[in-house]
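> Before I ask anything, let me first share the structure, which is written out below as structure tokens.
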Amino acid sequence: MISSKEPDYPKHEYFLRRCIELALIAKNNGESPVGSLIVKNGEIIGEGIEAGRSHLDITFHAEIEAIRNASRFLKSQDLSDCILYTTHEPCMMCSYVIRHTKIKMIVMGLTTGELGGFSADDPLLLKTVLKWANPPVIVHGILKDACENLHRE
């Protein structure tokens, strides 16, 4: 976890606040309160909210939706110079998509434990034996309290 004295901390907070706004939209729609962004060179190129219930499709996770939108925007599945911001740790399904698209960094508010791609016993996001590029840098705990509050409000 990075500290609040780290130079990128304010930038990470800025983008994670937008993820929280997106998570509130998902929550108001009856979904899990998860929001996600893809950022390239300081510009948001993809946004996503959790929408699996309303679409009757489990693949409509916020991270995958943000990746889909960024890939359409770039007309490429190579997101190797992008950062993914998300309120919650990506699950295993999302982690596979993250690794496939070569995202270089993930900034998250909350870790999720056994279902997560980073904090689970078998962390897909950190594996180095796969055919994909190097694992992404993981930054967690940014606006953690605000992300936890998404489940209380």
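Ligands are numbered from 1 in the order shown, chains are lettered A, B, ... in the order of the structure tokens, and residues start at 1 in each chain.
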Mind listing the strand (DSSP E) residues of chain A, per DSSP on the backbone, as number ranges by chain?
A: 35-40, 43-49, 82-88, 105-110, 137-140
> Sorted by chain and rising residue number, which residues of segment 93-119 of chain A lie within 9 Å of segment 12-32 of chain A, and what are their closest atom pairs and distances in Å to one decimal, counting only C-alpha atoms, as a tab-separated table?

```
residue	atom	partner	partner_atom	distance
A:Val107	CA	A:His12	CA	7.1
A:Met108	CA	A:Leu16	CA	7.6
A:Gly109	CA	A:Leu16	CA	7.6
```
> Could you list, as a list in words, every residue within 8 Å of segment 130-141 of chain A, counting only C-alpha atoms and ignoring same-chain residues fewer than 2 positions away?
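Once the nearby chain positions are removed, what remains is Met1, Ile2, Arg99, His100, Lys102, Ile103, Lys104, Met105, Ile106, Val107, Met108, Gly109, Leu110, Thr111, Leu125, Leu126, Lys127, Thr128, Leu143 and Lys144 of chain A.
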> Find, counting only C-alpha atoms, the residue in A:Ala66, A:His151, A:Glu89, A:His55 that gets nearest to Leu124 of chain A.
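Distance minimum relative to Leu124 of chain A lands on A:Glu89.
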